[in-house]
file entry-v5.tsv (TSV, C-alpha atoms)
chain	number	residue	atom	x	y	z
L	135	MET	CA	123.96	101.43	54.80
L	136	GLU	CA	125.12	99.11	52.04
L	137	ARG	CA	128.41	101.04	52.10
L	138	PHE	CA	128.85	99.79	55.67
L	139	ASP	CA	127.70	96.17	55.08
L	140	ASN	CA	124.46	97.16	56.85
L	141	ASN	CA	126.43	97.16	60.09
L	142	LEU	CA	125.92	100.24	62.26
L	143	THR	CA	129.24	99.70	64.07
L	144	ASN	CA	131.05	100.42	60.78
L	145	VAL	CA	129.47	103.89	60.57
L	146	TYR	CA	131.68	106.80	61.62
L	147	ASN	CA	131.09	107.46	65.32
L	148	PHE	CA	131.14	111.09	66.46
L	149	ARG	CA	132.00	111.35	70.16
L	150	ILE	CA	130.36	114.63	71.13
L	151	LYS	CA	130.91	116.36	74.45
L	152	ALA	CA	127.78	116.56	76.62
L	153	TRP	CA	125.70	119.76	76.38
L	154	SER	CA	127.47	120.93	73.18
L	155	SER	CA	126.27	124.15	71.57
L	156	ILE	CA	124.32	124.47	68.32
L	157	GLN	CA	127.32	126.29	66.86
L	158	TYR	CA	129.50	123.23	67.52
L	159	TYR	CA	127.09	121.09	65.48
L	160	LYS	CA	127.15	123.61	62.64
L	161	ASP	CA	130.92	124.03	62.60
L	162	VAL	CA	132.15	120.52	63.40
L	163	VAL	CA	129.42	117.89	63.05
L	164	LEU	CA	127.57	119.12	59.94
L	165	PRO	CA	130.62	119.06	57.58
L	166	LYS	CA	131.29	115.43	58.55
L	167	LEU	CA	127.63	114.53	58.08
L	168	LEU	CA	127.62	116.08	54.59
L	169	GLU	CA	130.80	114.21	53.75
L	170	GLU	CA	129.73	110.80	55.10
L	171	LYS	CA	125.94	111.12	54.43
L	172	ILE	CA	125.37	109.20	57.68
L	173	ILE	CA	127.10	109.40	61.07
L	174	ARG	CA	126.62	107.83	64.47
L	175	ILE	CA	126.55	109.73	67.77
L	176	SER	CA	127.44	107.58	70.76
L	177	PRO	CA	126.89	108.12	73.61
L	178	PHE	CA	123.66	109.81	72.54
L	179	ALA	CA	121.99	111.20	75.68
L	180	ASN	CA	122.38	114.91	76.52
L	181	ARG	CA	124.64	115.79	73.60
L	182	LEU	CA	122.92	119.14	72.90
L	183	SER	CA	122.78	122.13	75.21
L	184	PHE	CA	119.39	123.06	76.67
L	185	ASP	CA	120.30	126.67	75.94
L	186	ALA	CA	118.66	126.52	72.51
L	187	PRO	CA	116.16	128.81	70.77
L	188	PRO	CA	112.43	127.88	70.87
L	189	ALA	CA	112.43	126.51	67.30
L	190	VAL	CA	115.17	124.02	68.16
L	191	GLN	CA	113.46	123.10	71.43
L	192	ARG	CA	110.22	122.40	69.54
L	193	LEU	CA	112.08	120.19	67.09
L	194	ARG	CA	113.71	118.39	70.02
L	195	CYS	CA	110.26	117.84	71.59
L	196	LEU	CA	108.86	116.51	68.33
L	197	ALA	CA	111.79	114.10	67.98
L	198	ASN	CA	111.69	112.93	71.59
L	199	TYR	CA	107.95	112.53	72.14
L	200	GLU	CA	106.58	111.84	68.66
L	201	ALA	CA	109.25	110.65	66.22
L	202	LEU	CA	111.43	108.32	68.31
L	203	ARG	CA	110.04	104.81	68.75
L	204	PHE	CA	111.33	101.53	70.09
L	205	SER	CA	111.78	98.94	67.34
L	206	SER	CA	108.55	97.17	66.34
L	207	PRO	CA	109.26	93.82	68.08
L	208	ILE	CA	110.10	95.58	71.40
L	209	LEU	CA	107.13	97.93	71.16
L	210	SER	CA	104.80	95.07	70.24
L	211	LEU	CA	105.89	92.93	73.21
L	212	GLY	CA	105.71	95.94	75.56
L	213	GLU	CA	102.15	96.72	74.45
L	214	THR	CA	101.20	93.05	74.80
L	215	LEU	CA	102.40	93.09	78.42
L	216	VAL	CA	100.46	96.33	79.03
L	217	ALA	CA	97.31	94.58	77.76
L	218	ARG	CA	98.01	91.60	80.04
L	219	MET	CA	98.47	93.87	83.07
L	220	LYS	CA	95.18	95.64	82.27
L	221	GLU	CA	93.42	92.31	81.85
L	222	LEU	CA	94.75	91.05	85.21
L	223	SER	CA	93.67	94.27	86.93
L	224	ALA	CA	90.23	94.35	85.25
L	225	ASN	CA	88.52	94.43	88.67
L	226	SER	CA	90.34	97.72	89.30
L	227	GLY	CA	89.29	99.18	85.96
L	228	GLY	CA	92.51	97.98	84.30
L	229	LYS	CA	94.59	100.24	86.54
L	230	TYR	CA	97.92	99.13	87.92
L	231	VAL	CA	100.91	100.66	89.71
L	232	SER	CA	104.42	100.38	88.24
L	233	VAL	CA	107.49	100.43	90.47
L	234	HIS	CA	111.06	100.95	89.28
L	235	LEU	CA	113.16	98.95	91.75
L	236	ARG	CA	116.95	99.33	91.67
L	237	PHE	CA	118.12	96.47	93.87
L	238	GLU	CA	120.32	94.61	91.40
L	239	GLU	CA	123.67	93.32	92.67
L	240	ASP	CA	125.72	95.97	90.84
L	241	MET	CA	123.50	98.77	92.19
L	242	VAL	CA	123.70	97.45	95.74
L	243	ALA	CA	127.49	97.08	95.42
L	244	PHE	CA	128.04	100.54	93.90
L	245	SER	CA	125.98	102.23	96.62
L	246	CYS	CA	128.39	100.95	99.34
L	247	CYS	CA	125.38	100.67	101.68
L	248	VAL	CA	124.94	97.92	104.23
L	249	PHE	CA	121.64	96.04	104.16
L	250	ASP	CA	121.31	92.82	106.20
L	251	GLY	CA	124.97	93.23	107.18
L	252	GLY	CA	125.76	89.52	107.05
L	253	GLU	CA	129.07	87.98	106.03
L	254	GLN	CA	127.59	86.64	102.79
L	255	GLU	CA	126.42	90.12	101.73
L	256	LYS	CA	129.80	91.59	102.64
L	257	GLU	CA	131.63	88.99	100.54
L	258	ASP	CA	129.20	89.30	97.60
L	259	MET	CA	129.54	93.09	97.53
L	260	LYS	CA	133.33	92.96	97.76
L	261	LYS	CA	133.50	90.63	94.76
L	262	ALA	CA	130.93	92.65	92.78
L	263	ARG	CA	132.83	95.93	93.31
L	264	GLU	CA	136.13	94.40	92.25
L	265	ARG	CA	134.50	92.75	89.23
L	266	GLY	CA	132.78	95.93	88.07
L	267	TRP	CA	135.08	98.75	89.17
L	268	LYS	CA	138.52	97.20	89.74
L	269	GLY	CA	140.18	99.02	92.62
L	270	LYS	CA	137.87	102.07	92.57
L	271	PHE	CA	136.60	101.40	96.10
L	272	THR	CA	139.89	100.20	97.60
L	273	LYS	CA	142.10	103.16	96.70
L	274	PRO	CA	144.38	104.27	99.55
L	275	GLY	CA	142.73	106.98	101.63
L	276	ARG	CA	139.20	106.27	100.39
L	277	VAL	CA	136.81	106.11	103.33
L	278	ILE	CA	133.34	104.61	102.86
L	279	ARG	CA	130.69	105.55	105.42
L	280	PRO	CA	127.55	103.46	104.81
L	281	GLY	CA	125.65	105.18	107.63
L	282	ALA	CA	126.23	108.64	106.17
L	283	ILE	CA	125.25	107.40	102.68
L	284	ARG	CA	121.96	106.08	104.05
L	285	ILE	CA	121.14	109.24	106.02
L	286	ASN	CA	121.73	111.26	102.83
L	287	GLY	CA	119.09	109.16	101.04
L	288	LYS	CA	121.59	107.62	98.61
L	289	CYS	CA	120.92	103.95	99.36
L	290	PRO	CA	118.65	102.01	96.98
L	291	LEU	CA	115.39	101.00	98.67
L	292	THR	CA	115.06	97.31	99.47
L	293	PRO	CA	111.98	95.37	98.29
L	294	LEU	CA	110.81	95.27	101.95
L	295	GLU	CA	111.14	99.05	102.28
L	296	VAL	CA	109.25	99.58	99.02
L	297	GLY	CA	106.45	97.31	100.28
L	298	LEU	CA	106.15	99.11	103.61
L	299	MET	CA	106.19	102.50	101.88
L	300	LEU	CA	103.42	101.52	99.44
L	301	ARG	CA	101.23	99.97	102.15
L	302	GLY	CA	101.73	103.11	104.24
L	303	MET	CA	100.65	105.20	101.25
L	304	GLY	CA	97.36	103.35	101.10
L	305	PHE	CA	97.95	100.67	98.46
L	306	ASP	CA	96.37	97.47	99.78
L	307	ASN	CA	97.13	93.82	98.99
L	308	ASN	CA	94.64	93.81	96.10
L	309	THR	CA	96.76	96.37	94.20
L	310	TYR	CA	98.21	95.13	90.93
L	311	ILE	CA	101.88	96.06	90.69
L	312	PHE	CA	104.26	95.83	87.76
L	313	LEU	CA	107.86	95.67	88.98
L	314	ALA	CA	110.43	97.06	86.54
L	315	SER	CA	113.87	95.78	87.42
L	316	GLY	CA	116.92	93.81	86.47
L	317	LYS	CA	117.93	90.68	88.38
L	318	ILE	CA	117.23	91.43	92.07
L	319	TYR	CA	120.08	90.72	94.48
L	320	ASN	CA	119.42	87.61	96.57
L	321	ALA	CA	115.87	87.65	95.18
L	322	GLU	CA	114.55	84.53	96.93
L	323	LYS	CA	115.15	86.18	100.31
L	324	THR	CA	114.77	89.90	99.57
L	325	MET	CA	111.62	89.67	97.44
L	326	ALA	CA	109.65	87.42	99.82
L	327	PRO	CA	108.20	90.22	102.04
L	328	LEU	CA	107.21	92.38	99.04
L	329	LEU	CA	105.41	89.45	97.39
L	330	GLU	CA	103.66	88.68	100.67
L	331	MET	CA	102.42	92.28	100.94
L	332	PHE	CA	101.45	92.46	97.25
L	333	PRO	CA	100.51	88.99	95.94
L	334	ASN	CA	99.33	90.52	92.64
L	335	LEU	CA	102.84	91.71	91.78
L	336	GLN	CA	104.05	90.96	88.25
L	337	THR	CA	107.33	91.34	86.34
L	338	LYS	CA	108.02	91.06	82.63
L	339	GLU	CA	109.41	87.57	83.30
L	340	MET	CA	106.10	86.58	84.93
L	341	LEU	CA	103.89	88.19	82.25
L	342	ALA	CA	105.80	86.98	79.18
L	343	SER	CA	106.78	83.47	78.15
L	344	GLU	CA	110.42	82.43	77.90
L	345	GLU	CA	110.04	82.31	74.12
L	346	GLU	CA	108.74	85.88	74.00
L	347	LEU	CA	111.65	87.22	76.08
L	348	ALA	CA	114.36	85.06	74.50
L	349	PRO	CA	115.44	87.59	71.79
L	350	TYR	CA	116.02	90.31	74.43
L	351	LYS	CA	117.30	88.29	77.40
L	352	ASN	CA	120.98	89.12	76.90
L	353	PHE	CA	120.45	92.82	76.16
L	354	SER	CA	119.82	94.90	79.28
L	355	SER	CA	118.79	98.03	77.33
L	356	ARG	CA	116.17	96.08	75.35
L	357	MET	CA	114.79	94.52	78.52
L	358	ALA	CA	114.66	98.03	80.03
L	359	ALA	CA	112.74	99.24	76.96
L	360	ILE	CA	110.06	96.60	77.63
L	361	ASP	CA	109.88	97.72	81.28
L	362	TYR	CA	109.67	101.36	80.13
L	363	THR	CA	106.66	100.65	77.92
L	364	VAL	CA	104.70	98.89	80.69
L	365	CYS	CA	105.57	101.64	83.21
L	366	LEU	CA	104.57	104.38	80.77
L	367	HIS	CA	100.95	103.19	80.67
L	368	SER	CA	100.46	102.51	84.39
L	369	GLU	CA	98.05	104.56	86.49
L	370	VAL	CA	100.84	105.46	88.94
L	371	PHE	CA	104.61	105.22	88.53
L	372	VAL	CA	106.82	104.86	91.62
L	373	THR	CA	110.51	105.72	91.30
L	374	THR	CA	112.92	104.57	94.01
L	375	GLN	CA	116.26	105.76	92.60
L	376	GLY	CA	117.55	108.44	90.22
L	377	GLY	CA	118.86	107.87	86.70
L	378	ASN	CA	117.79	108.32	83.08
L	379	PHE	CA	115.02	105.69	83.20
L	380	PRO	CA	112.77	107.45	85.76
L	381	HIS	CA	113.65	110.96	84.56
L	382	PHE	CA	112.72	110.26	80.94
L	383	LEU	CA	109.66	108.29	82.02
L	384	MET	CA	108.38	111.13	84.21
L	385	GLY	CA	108.66	113.56	81.32
L	386	HIS	CA	107.00	111.16	78.90
L	387	ARG	CA	104.14	110.60	81.36
L	388	ARG	CA	103.74	114.38	81.80
L	389	TYR	CA	103.51	114.68	78.02
L	390	LEU	CA	100.81	111.97	77.86
L	391	HIS	CA	98.82	113.06	80.94
L	392	GLY	CA	98.32	116.76	80.24
L	393	GLY	CA	101.36	117.87	82.21
L	394	HIS	CA	100.98	115.62	85.29
L	395	SER	CA	103.62	112.93	85.79
L	396	LYS	CA	101.37	110.72	88.00
L	397	THR	CA	104.61	109.73	89.73
L	398	ILE	CA	105.49	109.05	93.35
L	399	ARG	CA	108.97	110.30	94.23
L	400	PRO	CA	109.67	109.37	97.86
L	401	ASP	CA	111.85	111.54	100.09
L	402	LYS	CA	114.56	108.97	100.76
L	403	ARG	CA	116.25	111.00	103.48
L	404	LYS	CA	113.00	111.09	105.44
L	405	LEU	CA	112.39	107.41	104.69
L	406	ALA	CA	115.80	106.47	106.11
L	407	LEU	CA	115.01	108.28	109.37
L	408	LEU	CA	111.58	106.64	109.61
L	409	PHE	CA	112.78	103.12	108.82
L	410	ASP	CA	115.65	103.42	111.30
L	411	ASN	CA	113.41	104.71	114.12
L	412	PRO	CA	112.64	101.71	116.39
L	413	ASN	CA	109.95	103.63	118.27
L	414	ILE	CA	107.73	104.66	115.37
L	415	GLY	CA	104.25	103.09	115.30
L	416	TRP	CA	102.29	102.11	112.20
L	417	LYS	CA	99.76	104.97	112.54
L	418	SER	CA	102.52	107.56	112.69
L	419	PHE	CA	104.42	105.93	109.81
L	420	LYS	CA	101.28	105.77	107.67
L	421	ARG	CA	100.52	109.45	108.28
L	422	GLN	CA	104.04	110.34	107.08
L	423	MET	CA	103.63	108.13	103.98
L	424	LEU	CA	100.28	109.67	103.07
L	425	ASN	CA	101.85	113.13	103.36
L	426	MET	CA	104.70	111.99	101.11
L	427	ARG	CA	102.25	110.66	98.52
L	428	SER	CA	100.25	113.89	98.65
L	429	HIS	CA	103.44	115.92	98.18
L	430	SER	CA	104.39	113.84	95.12
L	431	ASP	CA	100.93	114.44	93.67
L	432	SER	CA	101.20	118.20	94.18
L	433	LYS	CA	104.61	118.18	92.48
L	434	GLY	CA	103.22	116.23	89.51
L	435	PHE	CA	102.42	119.48	87.70
L	436	GLU	CA	105.73	121.32	87.39
L	437	LEU	CA	106.89	123.78	84.76
L	438	LYS	CA	110.43	123.60	83.48
L	439	ARG	CA	112.91	125.98	85.10
L	440	PRO	CA	115.97	127.22	83.16
L	441	SER	CA	118.28	124.56	84.59
L	442	ASP	CA	115.81	121.66	84.27
L	443	SER	CA	115.85	118.94	81.63
L	444	ILE	CA	113.25	119.21	78.90
L	445	TYR	CA	113.00	115.42	78.99
L	446	THR	CA	111.74	115.46	82.59
L	447	PHE	CA	109.83	118.75	82.37
L	448	PRO	CA	108.26	119.01	78.88
L	449	CYS	CA	105.90	121.83	79.87
L	450	PRO	CA	105.79	124.55	78.56
L	451	ASP	CA	108.37	123.94	75.77
L	452	CYS	CA	106.73	120.78	74.40
L	453	MET	CA	103.09	121.30	75.26
L	454	CYS	CA	100.51	124.01	75.80
L	455	HIS	CA	99.32	124.71	79.32
L	456	THR	CA	95.54	125.02	79.07
L	457	ASN	CA	92.88	126.02	81.56
L	458	LYS	CA	91.02	122.74	81.95
L	459	SER	CA	87.92	124.25	83.61
L	460	ALA	CA	87.61	126.74	80.76
L	461	ASP	CA	88.04	123.90	78.24
L	462	SER	CA	85.32	121.81	79.87
L	463	ARG	CA	82.93	124.79	79.92
L	464	SER	CA	83.50	125.49	76.23
L	465	SER	CA	83.09	121.81	75.27
L	466	SER	CA	79.87	121.49	77.30
L	467	ALA	CA	78.53	124.67	75.68
L	468	THR	CA	79.05	123.16	72.23
call {"tool": "encode", "arguments": {"input": "entry-v5.tsv", "output": "structure tokens"}}
result
Amino acid sequence: MERFDNNLTNVYNFRIKAWSSIQYYKDVVLPKLLEEKIIRISPFANRLSFDAPPAVQRLRCLANYEALRFSSPILSLGETLVARMKELSANSGGKYVSVHLRFEEDMVAFSCCVFDGGEQEKEDMKKARERGWKGKFTKPGRVIRPGAIRINGKCPLTPLEVGLMLRGMGFDNNTYIFLASGKIYNAEKTMAPLLEMFPNLQTKEMLASEEELAPYKNFSSRMAAIDYTVCLHSEVFVTTQGGNFPHFLMGHRRYLHGGHSKTIRPDKRKLALLFDNPNIGWKSFKRQMLNMRSHSDSKGFELKRPSDSIYTFPCPDCMCHTNKSADSRSSSAT
């Protein structure tokens, strides 16, 4: 690294097409690596095809689940926050629920959904879209149908909707919740009902001091890494939107928990219909939520299919599928 003034941005950056073949790495990337001795691959996610022989898949598993680590300061702070969450939830055996909430302004704007429908929201979203995606949403002929987007389950869940869903699933107001998120849109208003339903809710900003978070405050990926660590060690993980964060986390949790992701993945199409039904009663809603939770639990154990990501479905490529009853019998016999 001395050749590059110890600055990673000076290292040759190889822009590799997503899902590239092993042959491409041998023919194109390897010669440059041998020449430079060090190269950088950015973007990094999903640069290698999943159509790889078992030996390569095993190496990939080893790299992803054993070798790769967050830097020591990030990992240390993440583990400190895990310990604080477990200490707070000591009355529940140190168990807490983590929720990945995607209700940041840019997410709300990009979704093109309508939430409270007020003039302020309309103006905020218009400005956010123009700021982030200049003209993308105002191209001639582009038609945005918020109602259709919601019915298709594409709208991010609001904090209120997340609270109602969790209470319907049986989590009471004594439940300790860690909320993984960026800056929530209009947080003072939108977060109030969720905090009322779950007064034991915590975020990294609530668990850590300003001094502890200061080195990471201006780096969204580093803040996400802290969230990731606390979510990884929760008893239950609740995902409310797609993306790399929940997909990688589900796989990592499967790897740690003997193949079970211990993750709640709500059916957002069904949720939209339920939330928008003015005639539904609490008993009926709760029954639907308990069924949804049960379905998530049954889908926790899933083997990877040919088209699935190894990062979300590590079994059987990255771990052995054992008969637990047989294991317990053999261990009790010894």
call {"tool": "atom_distance", "arguments": {"input": "entry-v5.tsv", "atom1": "atom CA of Ser315 of chain L", "atom2": "atom CA of Leu235 of chain L"}}
result
5.4 Å
call {"tool": "residues_around", "arguments": {"input": "entry-v5.tsv", "residues": "segment 155-165 of chain L", "least_positions_apart": "4", "cutoff": "9 Å", "atoms": "all atoms listed in the file", "output": "MDAnalysis selection string"}}
result
chainID L and resid 148 150 169:170 181:186
call {"tool": "atom_distance", "arguments": {"input": "entry-v5.tsv", "atom1": "atom CA of Gly251 of chain L", "atom2": "atom CA of Asp401 of chain L"}}
result
23.6 Å
call {"tool": "closest_atom_pairs", "arguments": {"input": "entry-v5.tsv", "of": "segment 356-427 of chain L", "to": "segment 291-301 of chain L", "cutoff": "10 Å", "atoms": "only C-alpha atoms", "output": "tab-separated table"}}
result
residue	atom	partner	partner_atom	distance
L:Val372	CA	L:Leu300	CA	9.2
L:Thr373	CA	L:Val296	CA	9.9
L:Thr374	CA	L:Leu291	CA	6.4
L:Gln375	CA	L:Leu291	CA	7.8
L:Ile398	CA	L:Leu300	CA	9.9
L:Pro400	CA	L:Met299	CA	8.7
L:Lys402	CA	L:Leu291	CA	8.3
L:Leu405	CA	L:Met299	CA	8.4
L:Ala406	CA	L:Leu291	CA	9.2
L:Phe409	CA	L:Glu295	CA	7.9
L:Trp416	CA	L:Leu298	CA	9.9
L:Phe419	CA	L:Met299	CA	8.8
L:Lys420	CA	L:Arg301	CA	8.0
L:Gln422	CA	L:Met299	CA	9.7
L:Met423	CA	L:Met299	CA	6.5
L:Leu424	CA	L:Met299	CA	9.4
L:Met426	CA	L:Met299	CA	9.6
L:Arg427	CA	L:Leu300	CA	9.3
call {"tool": "write_last_selection", "arguments": {"input": "entry-v5.tsv", "atoms": "C-alpha atoms", "output": "mmCIF file, keeping the file's coordinate frame"}}
result
data_model
loop_
_atom_site.group_PDB
_atom_site.id
_atom_site.type_symbol
_atom_site.label_atom_id
_atom_site.label_comp_id
_atom_site.auth_asym_id
_atom_site.auth_seq_id
_atom_site.Cartn_x
_atom_site.Cartn_y
_atom_site.Cartn_z
ATOM 1 C CA VAL L 372 106.820 104.860 91.620
ATOM 2 C CA THR L 373 110.510 105.720 91.300
ATOM 3 C CA THR L 374 112.920 104.570 94.010
ATOM 4 C CA GLN L 375 116.260 105.760 92.600
ATOM 5 C CA ILE L 398 105.490 109.050 93.350
ATOM 6 C CA PRO L 400 109.670 109.370 97.860
ATOM 7 C CA LYS L 402 114.560 108.970 100.760
ATOM 8 C CA LEU L 405 112.390 107.410 104.690
ATOM 9 C CA ALA L 406 115.800 106.470 106.110
ATOM 10 C CA PHE L 409 112.780 103.120 108.820
ATOM 11 C CA TRP L 416 102.290 102.110 112.200
ATOM 12 C CA PHE L 419 104.420 105.930 109.810
ATOM 13 C CA LYS L 420 101.280 105.770 107.670
ATOM 14 C CA GLN L 422 104.040 110.340 107.080
ATOM 15 C CA MET L 423 103.630 108.130 103.980
ATOM 16 C CA LEU L 424 100.280 109.670 103.070
ATOM 17 C CA MET L 426 104.700 111.990 101.110
ATOM 18 C CA ARG L 427 102.250 110.660 98.520
#
call {"tool": "residues_around", "arguments": {"input": "entry-v5.tsv", "residues": "segment 434-448 of chain L", "least_positions_apart": "4", "cutoff": "12 Å", "atoms": "only C-alpha atoms", "output": "number ranges by chain"}}
result
L: 153, 179-180, 182-186, 188, 190-199, 370-371, 376-399, 427-430, 452-455
call {"tool": "write_last_selection", "arguments": {"input": "entry-v5.tsv", "atoms": "C-alpha atoms", "output": "PDB file, in the coordinates of the input"}}
result
ATOM      1  CA  TRP L 153     125.700 119.760  76.380  1.00  0.00           C
ATOM      2  CA  ALA L 179     121.990 111.200  75.680  1.00  0.00           C
ATOM      3  CA  ASN L 180     122.380 114.910  76.520  1.00  0.00           C
ATOM      4  CA  LEU L 182     122.920 119.140  72.900  1.00  0.00           C
ATOM      5  CA  SER L 183     122.780 122.130  75.210  1.00  0.00           C
ATOM      6  CA  PHE L 184     119.390 123.060  76.670  1.00  0.00           C
ATOM      7  CA  ASP L 185     120.300 126.670  75.940  1.00  0.00           C
ATOM      8  CA  ALA L 186     118.660 126.520  72.510  1.00  0.00           C
ATOM      9  CA  PRO L 188     112.430 127.880  70.870  1.00  0.00           C
ATOM     10  CA  VAL L 190     115.170 124.020  68.160  1.00  0.00           C
ATOM     11  CA  GLN L 191     113.460 123.100  71.430  1.00  0.00           C
ATOM     12  CA  ARG L 192     110.220 122.400  69.540  1.00  0.00           C
ATOM     13  CA  LEU L 193     112.080 120.190  67.090  1.00  0.00           C
ATOM     14  CA  ARG L 194     113.710 118.390  70.020  1.00  0.00           C
ATOM     15  CA  CYS L 195     110.260 117.840  71.590  1.00  0.00           C
ATOM     16  CA  LEU L 196     108.860 116.510  68.330  1.00  0.00           C
ATOM     17  CA  ALA L 197     111.790 114.100  67.980  1.00  0.00           C
ATOM     18  CA  ASN L 198     111.690 112.930  71.590  1.00  0.00           C
ATOM     19  CA  TYR L 199     107.950 112.530  72.140  1.00  0.00           C
ATOM     20  CA  VAL L 370     100.840 105.460  88.940  1.00  0.00           C
ATOM     21  CA  PHE L 371     104.610 105.220  88.530  1.00  0.00           C
ATOM     22  CA  GLY L 376     117.550 108.440  90.220  1.00  0.00           C
ATOM     23  CA  GLY L 377     118.860 107.870  86.700  1.00  0.00           C
ATOM     24  CA  ASN L 378     117.790 108.320  83.080  1.00  0.00           C
ATOM     25  CA  PHE L 379     115.020 105.690  83.200  1.00  0.00           C
ATOM     26  CA  PRO L 380     112.770 107.450  85.760  1.00  0.00           C
ATOM     27  CA  HIS L 381     113.650 110.960  84.560  1.00  0.00           C
ATOM     28  CA  PHE L 382     112.720 110.260  80.940  1.00  0.00           C
ATOM     29  CA  LEU L 383     109.660 108.290  82.020  1.00  0.00           C
ATOM     30  CA  MET L 384     108.380 111.130  84.210  1.00  0.00           C
ATOM     31  CA  GLY L 385     108.660 113.560  81.320  1.00  0.00           C
ATOM     32  CA  HIS L 386     107.000 111.160  78.900  1.00  0.00           C
ATOM     33  CA  ARG L 387     104.140 110.600  81.360  1.00  0.00           C
ATOM     34  CA  ARG L 388     103.740 114.380  81.800  1.00  0.00           C
ATOM     35  CA  TYR L 389     103.510 114.680  78.020  1.00  0.00           C
ATOM     36  CA  LEU L 390     100.810 111.970  77.860  1.00  0.00           C
ATOM     37  CA  HIS L 391      98.820 113.060  80.940  1.00  0.00           C
ATOM     38  CA  GLY L 392      98.320 116.760  80.240  1.00  0.00           C
ATOM     39  CA  GLY L 393     101.360 117.870  82.210  1.00  0.00           C
ATOM     40  CA  HIS L 394     100.980 115.620  85.290  1.00  0.00           C
ATOM     41  CA  SER L 395     103.620 112.930  85.790  1.00  0.00           C
ATOM     42  CA  LYS L 396     101.370 110.720  88.000  1.00  0.00           C
ATOM     43  CA  THR L 397     104.610 109.730  89.730  1.00  0.00           C
ATOM     44  CA  ILE L 398     105.490 109.050  93.350  1.00  0.00           C
ATOM     45  CA  ARG L 399     108.970 110.300  94.230  1.00  0.00           C
ATOM     46  CA  ARG L 427     102.250 110.660  98.520  1.00  0.00           C
ATOM     47  CA  SER L 428     100.250 113.890  98.650  1.00  0.00           C
ATOM     48  CA  HIS L 429     103.440 115.920  98.180  1.00  0.00           C
ATOM     49  CA  SER L 430     104.390 113.840  95.120  1.00  0.00           C
ATOM     50  CA  CYS L 452     106.730 120.780  74.400  1.00  0.00           C
ATOM     51  CA  MET L 453     103.090 121.300  75.260  1.00  0.00           C
ATOM     52  CA  CYS L 454     100.510 124.010  75.800  1.00  0.00           C
ATOM     53  CA  HIS L 455      99.320 124.710  79.320  1.00  0.00           C
TER      54      HIS L 455
END
call {"tool": "atom_distance", "arguments": {"input": "entry-v5.tsv", "atom1": "atom CA of Arg356 of chain L", "atom2": "atom CA of Ser176 of chain L"}}
result
16.7 Å
call {"tool": "closest_residue", "arguments": {"input": "entry-v5.tsv", "among": "L:Asn320, L:Ser354, L:Thr309, L:Ser210", "to": "Ala224 of chain L", "atoms": "all atoms listed in the file"}}
result
L:Thr309
call {"tool": "residues_near_point", "arguments": {"input": "entry-v5.tsv", "point": "(109.4, 89.8, 72.2)", "cutoff": "12 Å", "atoms": "only C-alpha atoms", "output": "PDB file with C-alpha atoms, in the frame of the given file"}}
result
ATOM      1  CA  SER L 205     111.780  98.940  67.340  1.00  0.00           C
ATOM      2  CA  SER L 206     108.550  97.170  66.340  1.00  0.00           C
ATOM      3  CA  PRO L 207     109.260  93.820  68.080  1.00  0.00           C
ATOM      4  CA  ILE L 208     110.100  95.580  71.400  1.00  0.00           C
ATOM      5  CA  LEU L 209     107.130  97.930  71.160  1.00  0.00           C
ATOM      6  CA  SER L 210     104.800  95.070  70.240  1.00  0.00           C
ATOM      7  CA  LEU L 211     105.890  92.930  73.210  1.00  0.00           C
ATOM      8  CA  GLY L 212     105.710  95.940  75.560  1.00  0.00           C
ATOM      9  CA  GLU L 213     102.150  96.720  74.450  1.00  0.00           C
ATOM     10  CA  THR L 214     101.200  93.050  74.800  1.00  0.00           C
ATOM     11  CA  LEU L 215     102.400  93.090  78.420  1.00  0.00           C
ATOM     12  CA  LYS L 338     108.020  91.060  82.630  1.00  0.00           C
ATOM     13  CA  GLU L 339     109.410  87.570  83.300  1.00  0.00           C
ATOM     14  CA  LEU L 341     103.890  88.190  82.250  1.00  0.00           C
ATOM     15  CA  ALA L 342     105.800  86.980  79.180  1.00  0.00           C
ATOM     16  CA  SER L 343     106.780  83.470  78.150  1.00  0.00           C
ATOM     17  CA  GLU L 344     110.420  82.430  77.900  1.00  0.00           C
ATOM     18  CA  GLU L 345     110.040  82.310  74.120  1.00  0.00           C
ATOM     19  CA  GLU L 346     108.740  85.880  74.000  1.00  0.00           C
ATOM     20  CA  LEU L 347     111.650  87.220  76.080  1.00  0.00           C
ATOM     21  CA  ALA L 348     114.360  85.060  74.500  1.00  0.00           C
ATOM     22  CA  PRO L 349     115.440  87.590  71.790  1.00  0.00           C
ATOM     23  CA  TYR L 350     116.020  90.310  74.430  1.00  0.00           C
ATOM     24  CA  LYS L 351     117.300  88.290  77.400  1.00  0.00           C
ATOM     25  CA  ARG L 356     116.170  96.080  75.350  1.00  0.00           C
ATOM     26  CA  MET L 357     114.790  94.520  78.520  1.00  0.00           C
ATOM     27  CA  ALA L 359     112.740  99.240  76.960  1.00  0.00           C
ATOM     28  CA  ILE L 360     110.060  96.600  77.630  1.00  0.00           C
TER      29      ILE L 360
END
call {"tool": "closest_residue", "arguments": {"input": "entry-v5.tsv", "among": "L:Lys171, L:Lys270, L:Lys317, L:Lys417", "to": "Cys246 of chain L", "atoms": "only C-alpha atoms"}}
result
L:Lys270
call {"tool": "residues_around", "arguments": {"input": "entry-v5.tsv", "residues": "Val216 of chain L", "least_positions_apart": "2", "cutoff": "12 Å", "atoms": "only C-alpha atoms", "output": "PyMOL selection string"}}
result
chain L and resi 209-214+218-223+228-232+311-312+336-338+341-342+360-369
call {"tool": "closest_residue", "arguments": {"input": "entry-v5.tsv", "among": "L:Ser245, L:Phe332, L:Tyr310, L:Arg403", "to": "Ser226 of chain L", "atoms": "all atoms listed in the file"}}
result
L:Tyr310
